[in-house]
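Chemist: File name final-v3.txt; file contents compact mmCIF, C-alpha atoms and all ligand atoms; full text below.
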```txt
# COMPACT_ATOMS: atom_id res chain seq x y z
CA MET F 104 16.12 196.31 -59.65
CA ARG F 105 18.72 193.61 -59.01
CA ALA F 106 17.97 189.99 -58.15
CA VAL F 107 20.77 189.89 -55.59
CA ASP F 108 19.23 192.74 -53.55
CA ILE F 109 15.87 191.00 -53.43
CA ILE F 110 17.50 187.71 -52.36
CA MET F 111 19.42 189.59 -49.63
CA LYS F 112 16.24 191.28 -48.42
CA LYS F 113 14.49 187.91 -48.01
CA ARG F 114 17.61 186.38 -46.49
CA ASN F 115 17.48 189.13 -43.84
CA GLY F 116 13.84 188.31 -43.09
CA ALA F 117 12.16 191.37 -44.61
CA GLU F 118 8.89 191.32 -46.52
CA LEU F 119 9.18 191.46 -50.33
CA SER F 120 6.83 193.64 -52.35
CA ASP F 121 4.63 192.33 -55.12
CA VAL F 122 6.88 194.09 -57.64
CA GLU F 123 10.00 192.41 -56.29
CA ILE F 124 8.46 188.92 -56.32
CA ARG F 125 7.14 189.53 -59.84
CA PHE F 126 10.56 190.68 -61.05
CA LEU F 127 12.18 187.44 -59.89
CA ILE F 128 9.48 184.93 -60.85
CA GLU F 129 8.61 186.43 -64.23
CA GLY F 130 12.31 186.87 -64.98
CA TYR F 131 12.91 183.24 -64.07
CA VAL F 132 10.11 181.93 -66.27
CA LYS F 133 11.43 184.00 -69.19
CA GLY F 134 14.93 182.61 -68.65
CA GLU F 135 16.38 186.02 -67.69
CA ILE F 136 17.21 185.09 -64.10
CA PRO F 137 19.40 182.02 -63.59
CA ASP F 138 18.63 178.90 -61.55
CA TYR F 139 21.32 179.72 -58.98
CA GLN F 140 19.71 183.00 -57.97
CA VAL F 141 16.22 181.54 -57.75
CA SER F 142 17.64 178.59 -55.76
CA SER F 143 19.02 181.08 -53.25
CA LEU F 144 15.71 182.88 -53.07
CA LEU F 145 13.87 179.58 -52.48
CA MET F 146 16.25 178.66 -49.67
CA ALA F 147 15.80 182.11 -48.11
CA ILE F 148 12.02 181.62 -48.28
CA PHE F 149 12.42 178.14 -46.81
CA PHE F 150 14.14 179.59 -43.73
CA LYS F 151 12.46 183.00 -43.39
CA GLY F 152 8.95 182.12 -44.61
CA MET F 153 6.57 184.53 -46.29
CA THR F 154 3.82 186.78 -44.98
CA PRO F 155 0.24 186.10 -46.17
CA ALA F 156 0.55 189.09 -48.54
CA GLU F 157 3.78 187.72 -50.05
CA THR F 158 2.27 184.25 -50.43
CA ALA F 159 -0.79 185.72 -52.17
CA SER F 160 1.47 187.74 -54.52
CA LEU F 161 3.56 184.68 -55.37
CA THR F 162 0.41 182.62 -56.01
CA ASN F 163 -1.07 185.28 -58.31
CA ILE F 164 2.14 185.75 -60.24
CA MET F 165 2.45 181.98 -60.73
CA LEU F 166 -1.22 181.74 -61.73
CA ASN F 167 -0.77 184.43 -64.38
CA SER F 168 2.24 182.67 -65.89
CA GLY F 169 -0.07 180.45 -67.97
CA ASP F 170 -3.56 179.65 -69.20
CA ARG F 171 -6.70 179.52 -67.10
CA MET F 172 -9.51 177.08 -67.72
CA ASP F 173 -12.26 179.03 -69.46
CA LEU F 174 -15.57 178.01 -67.91
CA SER F 175 -17.38 181.15 -69.07
CA GLY F 176 -20.89 180.59 -70.34
CA ILE F 177 -21.41 177.50 -68.18
CA ALA F 178 -23.79 177.86 -65.24
CA GLY F 179 -21.94 177.23 -61.96
CA PRO F 180 -21.28 176.92 -59.13
CA PHE F 181 -17.88 175.29 -59.73
CA ILE F 182 -16.37 173.65 -56.70
CA ASP F 183 -13.28 171.46 -56.70
CA LYS F 184 -11.53 169.29 -54.18
CA HIS F 185 -7.80 168.82 -53.80
CA SER F 186 -5.99 166.19 -51.76
CA THR F 187 -2.40 166.70 -50.72
CA GLY F 188 -1.85 163.04 -51.61
CA GLY F 189 -2.16 159.71 -49.90
CA VAL F 190 -2.22 155.93 -50.17
CA GLY F 191 -5.45 154.26 -51.27
CA ASP F 192 -6.83 157.79 -51.70
CA LYS F 193 -9.50 157.23 -54.35
CA ILE F 194 -11.82 159.87 -52.87
CA SER F 195 -12.00 162.08 -56.00
CA LEU F 196 -13.42 159.22 -58.06
CA PRO F 197 -16.72 158.71 -56.19
CA LEU F 198 -16.81 162.30 -54.92
CA ALA F 199 -17.00 164.08 -58.31
CA PRO F 200 -20.12 162.24 -59.58
CA ILE F 201 -21.83 162.45 -56.17
CA VAL F 202 -21.35 166.22 -55.94
CA ALA F 203 -22.25 166.70 -59.61
CA ALA F 204 -25.46 164.68 -59.09
CA CYS F 205 -26.37 167.17 -56.33
CA GLY F 206 -26.11 170.12 -58.74
CA VAL F 207 -22.59 171.46 -58.16
CA LYS F 208 -20.21 171.43 -61.14
CA VAL F 209 -16.82 169.83 -60.57
CA PRO F 210 -14.01 170.85 -62.97
CA MET F 211 -11.47 168.27 -61.88
CA MET F 212 -7.83 168.40 -62.93
CA SER F 213 -5.87 165.61 -61.35
CA GLY F 214 -2.34 164.29 -61.19
CA ARG F 215 -0.45 161.04 -61.56
CA ALA F 216 1.10 158.74 -59.02
CA LEU F 217 4.51 159.89 -57.84
CA GLY F 218 6.58 158.31 -55.09
CA HIS F 219 4.44 156.56 -52.52
CA THR F 220 1.22 158.44 -53.35
CA GLY F 221 -1.28 157.31 -55.97
CA GLY F 222 -2.68 159.35 -58.85
CA THR F 223 -6.27 159.79 -59.98
CA LEU F 224 -5.30 159.85 -63.68
CA ASP F 225 -3.53 156.48 -63.43
CA LYS F 226 -6.56 154.97 -61.69
CA LEU F 227 -8.95 156.26 -64.36
CA GLU F 228 -6.69 155.08 -67.17
CA SER F 229 -6.85 151.53 -65.78
CA ILE F 230 -10.45 151.45 -67.09
CA PRO F 231 -10.07 149.94 -70.57
CA GLY F 232 -10.19 152.73 -73.17
CA TYR F 233 -10.46 155.67 -70.71
CA PHE F 234 -8.48 158.75 -71.73
CA THR F 235 -7.61 161.68 -69.47
CA SER F 236 -6.16 164.27 -71.87
CA LEU F 237 -9.21 166.30 -72.73
CA GLU F 238 -9.21 169.30 -75.03
CA LEU F 239 -10.84 172.33 -73.43
CA SER F 240 -13.97 171.90 -75.57
CA ALA F 241 -14.41 168.26 -74.44
CA PHE F 242 -13.76 169.23 -70.81
CA ARG F 243 -16.41 171.96 -71.04
CA LYS F 244 -18.89 169.60 -72.70
CA GLY F 245 -18.42 167.02 -69.93
CA ILE F 246 -19.05 169.67 -67.28
CA ILE F 247 -22.13 170.99 -69.06
CA GLU F 248 -23.68 167.58 -69.74
CA ASP F 249 -22.53 165.42 -66.80
CA GLY F 250 -21.68 168.08 -64.21
CA PHE F 251 -18.06 166.98 -64.05
CA ALA F 252 -15.11 165.94 -66.19
CA MET F 253 -11.70 164.52 -65.35
CA THR F 254 -8.52 165.69 -67.00
CA GLY F 255 -4.81 166.20 -66.46
CA GLN F 256 -2.99 169.50 -66.44
CA THR F 257 -1.63 170.71 -69.74
CA SER F 258 1.85 172.21 -69.88
CA ARG F 259 0.19 175.61 -70.41
CA VAL F 260 -1.33 175.64 -66.90
CA VAL F 261 0.98 177.44 -64.43
CA PRO F 262 4.28 176.88 -66.29
CA ALA F 263 6.01 178.80 -63.46
CA ASP F 264 5.15 175.93 -61.12
CA LYS F 265 6.72 173.35 -63.40
CA LYS F 266 10.02 175.26 -63.43
CA LEU F 267 9.95 176.17 -59.76
CA TYR F 268 8.89 172.70 -58.57
CA ALA F 269 11.71 171.05 -60.54
CA LEU F 270 14.16 173.46 -58.93
CA ARG F 271 12.72 172.95 -55.43
CA ASP F 272 13.00 169.21 -55.91
CA VAL F 273 16.79 169.40 -56.36
CA THR F 274 17.48 172.19 -53.85
CA ALA F 275 15.75 170.68 -50.78
CA THR F 276 13.13 173.42 -50.73
CA VAL F 277 9.94 171.45 -51.37
CA GLU F 278 8.81 171.41 -47.74
CA SER F 279 8.09 175.10 -47.36
CA ILE F 280 4.52 176.08 -46.44
CA PRO F 281 4.34 179.27 -48.57
CA LEU F 282 5.94 177.55 -51.56
CA ILE F 283 3.58 174.56 -51.29
CA THR F 284 0.62 176.92 -50.87
CA ALA F 285 1.48 178.94 -53.98
CA SER F 286 2.19 175.79 -56.00
CA ILE F 287 -1.10 174.07 -55.11
CA LEU F 288 -3.35 177.13 -55.13
CA SER F 289 -2.09 178.62 -58.40
CA LYS F 290 -2.98 175.36 -60.17
CA LYS F 291 -6.37 175.06 -58.47
CA VAL F 292 -7.37 178.65 -59.19
CA ALA F 293 -6.30 178.15 -62.84
CA GLU F 294 -8.97 175.47 -63.09
CA GLY F 295 -11.63 178.10 -62.68
CA ALA F 296 -13.25 176.84 -59.48
CA ASP F 297 -15.21 179.31 -57.32
CA GLY F 298 -14.47 177.26 -54.25
CA ILE F 299 -12.06 174.56 -53.20
CA VAL F 300 -12.24 171.95 -50.46
CA PHE F 301 -8.75 170.84 -49.47
CA ASP F 302 -8.19 167.42 -47.99
CA VAL F 303 -4.94 168.02 -46.11
CA LYS F 304 -3.55 164.62 -45.24
CA CYS F 305 -1.64 164.10 -42.04
CA GLY F 306 0.42 161.12 -40.90
CA SER F 307 3.15 158.78 -42.14
CA GLY F 308 1.71 158.42 -45.66
CA ALA F 309 1.19 162.16 -46.07
CA PHE F 310 3.37 165.03 -47.13
CA MET F 311 2.72 166.58 -43.70
CA LYS F 312 3.64 164.08 -41.01
CA THR F 313 2.46 165.96 -37.94
CA LEU F 314 -0.81 167.64 -37.04
CA ASP F 315 1.03 170.95 -36.46
CA ASP F 316 2.51 170.92 -39.98
CA ALA F 317 -0.79 169.86 -41.56
CA ARG F 318 -2.55 172.66 -39.66
CA SER F 319 0.00 175.23 -40.85
CA LEU F 320 -0.45 174.19 -44.47
CA ALA F 321 -4.25 174.11 -44.13
CA THR F 322 -4.30 177.56 -42.52
CA SER F 323 -2.06 178.97 -45.23
CA LEU F 324 -4.18 177.45 -48.04
CA VAL F 325 -7.39 178.83 -46.52
CA ALA F 326 -5.94 182.29 -45.84
CA THR F 327 -4.32 182.66 -49.26
CA GLY F 328 -7.28 181.17 -51.14
CA SER F 329 -9.70 183.49 -49.33
CA ALA F 330 -7.45 186.49 -50.05
CA MET F 331 -7.75 185.54 -53.74
CA GLY F 332 -11.53 185.72 -53.51
CA LYS F 333 -12.19 181.97 -53.39
CA GLN F 334 -14.30 180.09 -50.90
CA VAL F 335 -11.93 177.68 -49.23
CA VAL F 336 -12.18 175.04 -46.52
CA ALA F 337 -9.50 172.61 -45.39
CA VAL F 338 -10.31 169.28 -43.81
CA LEU F 339 -7.37 167.65 -42.02
CA THR F 340 -7.58 163.87 -42.33
CA ASP F 341 -5.60 160.91 -41.10
CA MET F 342 -3.19 159.24 -43.52
CA SER F 343 -1.37 156.93 -41.17
CA GLN F 344 -3.00 153.84 -42.69
CA PRO F 345 -4.20 153.40 -46.30
CA LEU F 346 -7.78 154.46 -47.07
CA GLY F 347 -10.17 151.60 -47.77
CA TYR F 348 -9.23 147.98 -48.38
CA LYS F 349 -7.74 148.31 -51.85
CA VAL F 350 -4.59 150.11 -53.00
CA GLY F 351 -3.89 149.98 -56.74
CA ASN F 352 -5.13 151.43 -59.98
CA PHE F 353 -7.98 149.17 -61.16
CA LEU F 354 -8.42 147.93 -57.58
CA GLU F 355 -9.40 151.46 -56.58
CA ILE F 356 -11.84 151.70 -59.49
CA GLU F 357 -13.51 148.63 -57.98
CA GLU F 358 -13.74 150.34 -54.60
CA THR F 359 -15.11 153.45 -56.33
CA LEU F 360 -17.93 151.38 -57.79
CA ASP F 361 -18.60 149.95 -54.32
CA CYS F 362 -18.86 153.49 -52.92
CA LEU F 363 -21.22 154.62 -55.66
CA GLU F 364 -23.39 151.60 -54.89
CA GLY F 365 -23.44 152.69 -51.24
CA LYS F 366 -21.36 149.79 -49.96
CA GLY F 367 -17.86 151.24 -49.92
CA PRO F 368 -15.51 150.87 -46.95
CA GLY F 369 -16.55 152.89 -43.88
CA ASP F 370 -13.55 155.23 -43.90
CA VAL F 371 -13.85 156.03 -47.61
CA MET F 372 -17.60 156.66 -47.35
CA GLU F 373 -17.11 158.87 -44.29
CA LEU F 374 -14.57 161.04 -46.07
CA VAL F 375 -16.50 161.19 -49.35
CA TYR F 376 -19.63 162.32 -47.51
CA ARG F 377 -17.81 164.90 -45.41
CA LEU F 378 -15.89 166.46 -48.30
CA GLY F 379 -19.00 166.22 -50.48
CA SER F 380 -21.08 167.99 -47.83
CA TRP F 381 -18.55 170.82 -47.70
CA MET F 382 -18.58 171.12 -51.49
CA LEU F 383 -22.37 171.44 -51.46
CA VAL F 384 -22.21 174.07 -48.72
CA LEU F 385 -19.56 176.09 -50.61
CA GLY F 386 -21.59 175.68 -53.80
CA GLY F 387 -24.66 177.02 -52.03
CA VAL F 388 -26.87 174.00 -52.69
CA ALA F 389 -26.93 172.90 -49.04
CA LYS F 390 -27.54 175.20 -46.07
CA ASN F 391 -25.31 173.22 -43.76
CA LEU F 392 -23.20 170.08 -43.54
CA ASP F 393 -26.06 167.90 -42.29
CA GLU F 394 -28.22 168.86 -45.23
CA GLY F 395 -25.25 168.31 -47.56
CA ARG F 396 -24.72 164.82 -46.22
CA VAL F 397 -28.37 163.89 -46.69
CA ARG F 398 -28.20 165.09 -50.31
CA CYS F 399 -25.01 163.10 -50.97
CA GLU F 400 -26.55 159.97 -49.45
CA GLU F 401 -29.71 160.43 -51.52
CA VAL F 402 -27.90 160.52 -54.89
CA VAL F 403 -25.96 157.40 -53.94
CA ALA F 404 -29.11 155.56 -52.82
CA SER F 405 -31.02 156.59 -55.96
CA GLY F 406 -28.20 155.46 -58.28
CA GLU F 407 -27.91 158.98 -59.82
CA ALA F 408 -24.25 159.31 -58.84
CA LEU F 409 -23.36 155.87 -60.24
CA ASP F 410 -25.20 156.76 -63.42
CA LEU F 411 -23.15 159.96 -63.80
CA PHE F 412 -19.94 158.00 -63.24
CA TYR F 413 -20.93 155.63 -66.07
CA ARG F 414 -21.74 158.58 -68.30
CA ASN F 415 -18.32 160.06 -67.61
CA VAL F 416 -16.57 156.73 -68.28
CA SER F 417 -18.35 156.39 -71.56
CA ARG F 418 -17.74 160.05 -72.54
CA GLN F 419 -14.01 159.68 -71.88
CA GLY F 420 -13.70 156.52 -74.00
CA GLY F 421 -13.98 153.92 -71.24
CA ASN F 422 -15.64 150.57 -71.89
CA ILE F 423 -18.26 150.10 -69.16
CA ALA F 424 -19.06 146.48 -70.03
CA GLU F 425 -15.37 145.56 -69.90
CA MET F 426 -14.87 147.46 -66.62
CA LEU F 427 -17.75 145.58 -65.02
CA TYR F 428 -16.64 142.24 -66.50
CA ARG F 429 -13.15 142.71 -64.99
CA ARG F 430 -14.46 143.92 -61.62
CA ASN F 431 -13.16 141.82 -58.71
CA THR F 432 -11.35 139.38 -61.03
CA TRP F 433 -8.77 141.38 -63.03
CA ARG F 434 -5.60 140.71 -61.04
CA SER F 435 -1.94 140.31 -61.83
CA GLU F 436 -0.88 136.65 -61.90
CA HIS F 437 2.11 137.49 -59.66
CA VAL F 438 0.68 137.06 -56.19
CA ARG F 439 1.99 136.87 -52.64
CA GLU F 440 0.05 136.59 -49.41
CA LEU F 441 0.93 138.45 -46.24
CA ARG F 442 -0.20 136.55 -43.15
CA ALA F 443 -0.10 137.38 -39.44
CA GLU F 444 3.08 136.25 -37.71
CA ARG F 445 1.26 136.08 -34.40
CA SER F 446 -2.17 136.56 -32.88
CA GLY F 447 -3.26 139.96 -31.56
CA TYR F 448 -4.62 143.26 -32.80
CA LEU F 449 -3.38 145.15 -35.84
CA SER F 450 -1.88 148.24 -34.27
CA SER F 451 -0.53 149.76 -37.47
CA ILE F 452 -0.54 149.41 -41.24
CA ASP F 453 1.97 152.12 -42.02
CA ALA F 454 0.74 154.08 -45.04
CA LEU F 455 4.19 155.26 -46.13
CA GLU F 456 5.64 151.74 -46.16
CA ILE F 457 2.61 150.41 -48.01
CA GLY F 458 2.84 153.24 -50.53
CA LEU F 459 6.55 152.56 -51.10
CA ALA F 460 5.88 148.82 -51.42
CA GLY F 461 3.23 149.79 -53.97
CA VAL F 462 5.90 151.48 -56.09
CA TYR F 463 7.77 148.12 -56.29
CA LEU F 464 4.52 146.34 -57.19
CA GLY F 465 3.84 148.81 -60.03
CA VAL F 466 1.02 150.87 -58.49
CA GLY F 467 3.11 154.03 -58.47
CA ARG F 468 6.31 155.32 -59.98
CA ASN F 469 9.64 156.78 -58.90
CA ARG F 470 10.10 158.97 -61.98
CA THR F 471 7.38 160.68 -63.98
CA GLU F 472 8.31 158.71 -67.11
CA ASP F 473 7.90 155.26 -65.43
CA ALA F 474 4.88 153.13 -66.44
CA VAL F 475 2.35 151.85 -63.89
CA SER F 476 0.44 148.56 -63.90
CA PRO F 477 -3.38 148.54 -63.86
CA THR F 478 -3.59 145.20 -62.04
CA ALA F 479 -0.91 145.64 -59.35
CA GLY F 480 -1.60 146.51 -55.74
CA PHE F 481 -2.87 145.37 -52.38
CA VAL F 482 -6.13 143.88 -51.23
CA PHE F 483 -6.35 144.12 -47.46
CA ASN F 484 -8.53 141.78 -45.42
CA LYS F 485 -7.96 143.73 -42.23
CA LYS F 486 -7.74 147.32 -41.03
CA ARG F 487 -6.07 148.84 -37.97
CA SER F 488 -7.60 147.64 -34.67
CA ASP F 489 -8.90 144.38 -36.19
CA ARG F 490 -8.23 141.12 -34.36
CA VAL F 491 -5.95 138.68 -36.23
CA GLU F 492 -5.00 135.10 -35.49
CA LYS F 493 -1.56 133.70 -36.24
CA GLY F 494 -1.41 132.69 -39.94
CA GLU F 495 -4.53 134.65 -40.87
CA LEU F 496 -4.49 136.55 -44.18
CA ILE F 497 -3.87 140.28 -43.71
CA ALA F 498 -3.28 141.30 -47.32
CA THR F 499 -2.70 139.94 -50.81
CA LEU F 500 -0.01 141.58 -52.94
CA TYR F 501 -0.25 141.70 -56.74
CA GLY F 502 3.00 142.60 -58.51
CA LYS F 503 3.72 143.83 -62.03
CA ASP F 504 6.17 140.90 -62.29
CA GLU F 505 7.57 138.10 -60.13
CA GLU F 506 10.69 140.09 -59.10
CA SER F 507 8.64 142.94 -57.67
CA LEU F 508 7.04 140.71 -55.04
CA GLU F 509 10.00 140.04 -52.74
CA PRO F 510 11.03 143.66 -51.99
CA ALA F 511 7.38 144.71 -51.79
CA TYR F 512 6.57 141.88 -49.42
CA THR F 513 9.51 142.75 -47.14
CA MET F 514 8.45 146.37 -47.01
CA ALA F 515 4.76 145.58 -46.50
CA ALA F 516 5.60 143.12 -43.72
CA SER F 517 7.54 145.87 -41.93
CA ALA F 518 4.49 148.16 -42.24
CA ILE F 519 2.40 145.81 -40.11
CA SER F 520 2.52 145.79 -36.31
CA ILE F 521 0.51 143.49 -34.08
CA SER F 522 -0.06 144.23 -30.40
CA ASP F 523 -1.65 142.32 -27.52
CA SER F 524 -4.29 144.93 -26.81
CA VAL F 525 -6.67 146.91 -28.99
CA PRO F 526 -4.85 150.09 -30.10
CA PRO F 527 -6.39 153.41 -29.01
CA ALA F 528 -9.15 154.57 -31.33
CA SER F 529 -8.11 157.29 -33.77
CA ALA F 530 -10.22 159.69 -35.77
CA LEU F 531 -10.22 159.91 -39.57
CA ILE F 532 -11.31 163.56 -39.67
CA LEU F 533 -8.95 165.45 -37.40
CA GLU F 534 -9.86 169.12 -37.81
CA GLU F 535 -11.54 171.55 -40.16
CA ILE F 536 -10.28 175.01 -40.97
CA THR F 537 -12.53 177.63 -42.52
CA SER F 538 -11.91 181.26 -43.33
CA GLN F 539 -14.05 182.45 -40.39
N1 LIG B 601 1.89 169.43 -54.40
C1 LIG B 601 2.03 170.47 -55.26
O1 LIG B 601 1.31 170.57 -56.24
N2 LIG B 601 2.99 171.38 -54.98
C2 LIG B 601 3.79 171.30 -53.90
O2 LIG B 601 4.60 172.17 -53.72
C3 LIG B 601 3.63 170.22 -53.04
C4 LIG B 601 2.66 169.29 -53.31
```
So that I can check it, write out the structure of this file as structure tokens.
Ligand code: URA
Modeler:
Amino acid sequence: MRAVDIIMKKRNGAELSDVEIRFLIEGYVKGEIPDYQVSSLLMAIFFKGMTPAETASLTNIMLNSGDRMDLSGIAGPFIDKHSTGGVGDKISLPLAPIVAACGVKVPMMSGRALGHTGGTLDKLESIPGYFTSLELSAFRKGIIEDGFAMTGQTSRVVPADKKLYALRDVTATVESIPLITASILSKKVAEGADGIVFDVKCGSGAFMKTLDDARSLATSLVATGSAMGKQVVAVLTDMSQPLGYKVGNFLEIEETLDCLEGKGPGDVMELVYRLGSWMLVLGGVAKNLDEGRVRCEEVVASGEALDLFYRNVSRQGGNIAEMLYRRNTWRSEHVRELRAERSGYLSSIDALEIGLAGVYLGVGRNRTEDAVSPTAGFVFNKKRSDRVEKGELIATLYGKDEESLEPAYTMAASAISISDSVPPASALILEEITSQ
């Protein structure tokens, strides 16, 4: 078998066999096939796509390139949630303890902020003392005793993705539905979940900007995940404005606490309850979404979910007293206010621009090795469609230093549009795709 023949076959639009995909990917991971040939293959896939069978083969081969989380001996069901990334997207933080309190185990492996999107691990690490690198035994113990645990991915999970993603990044082949599907799904299946609820974001602050693209990715994730024997649902959600009122690392911990006390922002609560309901349905502890929602609301109202969150914080080294002491007061001293230039209605708070401004402030990072600030970010006083009067406070910016404020302010100001009339209402949950 020769790599060049396989590349040519894909270039000509034919379907590759499992053996051919395995030859190239395994050879690449072992260092036997050079970057330039795999780059060509990736570009051929970018233009010619992959059939569902090819995507499933690629996902399986990537999955088997590394370790899988061993959850054997722990009573399930194990259901996870994955977001394709957004701004102010703190959903995993309240969701995991809520779902765990309802009796479904959540083995959650999360990522860090990169570019304009935030990262769950960075948010958790803003809690004084909290650590996110759990050994397998500690991860298992957290799942057994609290129903969930939060960790990052080790380098042993899907090493093929690390190599392939780095190559895609420099060969303009990231935005390919089959490649994204295999990258995301291989990592999720390695976590050992029986089912996965995908939150596929759509809009300016999302990876997928249009509903058509988001739908294609969602359909591909559901089809490939189902073909691999997993229960999979994709919920398409709006990411054209940030979620909630707070964007930042510790700021989003504060909003998480609000949610777990039942008083979180409307959009965050809506999404948490919807995704949570799906997780309970996939986990078999709720017969339908209505019943799932009632269960999720009950564990918030009873304080059980908040209690589990505290238990997790304490288990992972976090100082609860310090977290609560700093709540709503721990802010960077470098502050700038963004006020309305005229009266009207907020017609947009562009999520991409806010996310990019957040990188200047120190919420996110441009390169994986950059540090983030726990106290940087945005506190919004308004959401889209709200009435504003000239000079009224729309948002407060907190920067990692004084220099970060000016570029962030300029970018944030350009994210805001004010119109004379109320903008048309828009839905947060756009569509749901199931395997049926
Ligand atoms: N997130 C991933 O993990 N992989 C991709 O390819 C794109 C987004």
Chemist: Which residues form the shell of 12 Å around ligand LIG 601 (chain B) when you count only C-alpha atoms and all ligand atoms, given as JSON, numbers by chain?
Modeler: {"F": [145, 162, 185, 186, 187, 188, 189, 212, 213, 214, 215, 216, 217, 218, 220, 222, 256, 261, 263, 264, 265, 266, 267, 268, 269, 270, 271, 272, 275, 276, 277, 278, 279, 280, 281, 282, 283, 284, 285, 286, 287, 288, 289, 290, 291, 301, 303, 304, 309, 310, 311, 320, 324]}
Chemist: Find the residues around Gly232 in chain F up to 8 Å (all atoms listed in the file counted), leave out those fewer than 2 positions away in its own chain, and share them as number ranges by chain.
Modeler: F: 228, 230, 234, 420-422
Chemist: Each side padded by 8 Å, which centre and which edge lengths in Å (one decimal) define the axis-aligned box around the listed atoms of range 243-247 of chain F? Give them as JSON.
Modeler:
```
{"center_x": -19.3, "center_y": 169.5, "center_z": -70.0, "size_x": 21.7, "size_y": 20.9, "size_z": 21.4}
```
Chemist: Rank nothing, just name the residue among F:Ser142, F:Thr313, F:Ser507, F:Asn469 nearest to Leu533 in chain F, using all atoms listed in the file.
Modeler: F:Thr313
Chemist: With a distance cut-off of 12 Å and only C-alpha atoms, select the neighbouring residues of Gly494 in chain F, excluding the residue or stretch itself and same-chain residues fewer than 3 positions from it, and output the selection as a list in words.
Modeler: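 What passes the distance filter is Glu440, Leu441, Arg442, Ala443, Glu444, Arg445, Ser446, Gly447, Val491, Ile497 and Ala498 of chain F.
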Chemist: With all atoms listed in the file as the basis for distance, which of F:Arg490, F:Lys193, F:Arg318, F:Arg418 is at the shortest distance from Glu357 in chain F?
Modeler: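 Using all atoms listed in the file, Glu357 in chain F sits closest to F:Lys193.
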Chemist: Point out the residue among F:Leu409, F:Ile164, F:Ile247, F:Ile299 with the least atom-to-atom distance to Val384 in chain F, counting all atoms listed in the file.
Modeler: F:Ile299
Chemist: Neighbourhood query: residues within 9 Å of (10.4, 182.1, -44.4), file coordinates, counting all atoms listed in the file; return as an mmCIF file with C-alpha atoms, keeping the file's coordinate frame.
Modeler:
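Result saved to point_8.cif:
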```cif
data_model
loop_
_atom_site.group_PDB
_atom_site.id
_atom_site.type_symbol
_atom_site.label_atom_id
_atom_site.label_comp_id
_atom_site.auth_asym_id
_atom_site.auth_seq_id
_atom_site.Cartn_x
_atom_site.Cartn_y
_atom_site.Cartn_z
ATOM 1 C CA LYS F 113 14.490 187.910 -48.010
ATOM 2 C CA ARG F 114 17.610 186.380 -46.490
ATOM 3 C CA GLY F 116 13.840 188.310 -43.090
ATOM 4 C CA MET F 146 16.250 178.660 -49.670
ATOM 5 C CA ALA F 147 15.800 182.110 -48.110
ATOM 6 C CA ILE F 148 12.020 181.620 -48.280
ATOM 7 C CA PHE F 149 12.420 178.140 -46.810
ATOM 8 C CA PHE F 150 14.140 179.590 -43.730
ATOM 9 C CA LYS F 151 12.460 183.000 -43.390
ATOM 10 C CA GLY F 152 8.950 182.120 -44.610
ATOM 11 C CA MET F 153 6.570 184.530 -46.290
ATOM 12 C CA THR F 154 3.820 186.780 -44.980
ATOM 13 C CA SER F 279 8.090 175.100 -47.360
ATOM 14 C CA ILE F 280 4.520 176.080 -46.440
ATOM 15 C CA PRO F 281 4.340 179.270 -48.570
#
```
Chemist: Measuring between all atoms listed in the file, which one of F:Leu508, F:Leu449, F:Leu363, F:Ala199 shows the shortest distance to Ser435 in chain F?
Modeler: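 When distances to Ser435 in chain F are compared using all atoms listed in the file, the smallest one comes from F:Leu508.
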Chemist: Show me, as a ChimeraX atom specification, the residues that have an atom within 12 Å of Val122 in chain F when counting all atoms listed in the file, minus same-chain residues fewer than 6 positions from it.
Modeler: /F:104-106,109,128-130,157,160-161,163-164
Chemist: Looking at F:Ala454, F:Met342, F:Ile536, F:Ala252, which one is nearest to Met514 in chain F, with distances taken over all atoms listed in the file?
Modeler: F:Ala454
Chemist: Could you tell me how far CA of Val475 in chain F lies from CA of Val375 in chain F, in Å and to one decimal?
Modeler: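 Separation of CA of Val475 in chain F and CA of Val375 in chain F: 25.6 Å.
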Chemist: In Å, how far is it from CA of Ala321 in chain F to CA of Ala337 in chain F?
Modeler: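 Here the two named atoms are 5.6 Å from each other.
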Chemist: Work out how far apart CA of Cys305 in chain F and CA of Pro197 in chain F are and give it in Å to one decimal.
Modeler: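 A separation of 21.4 Å between them.
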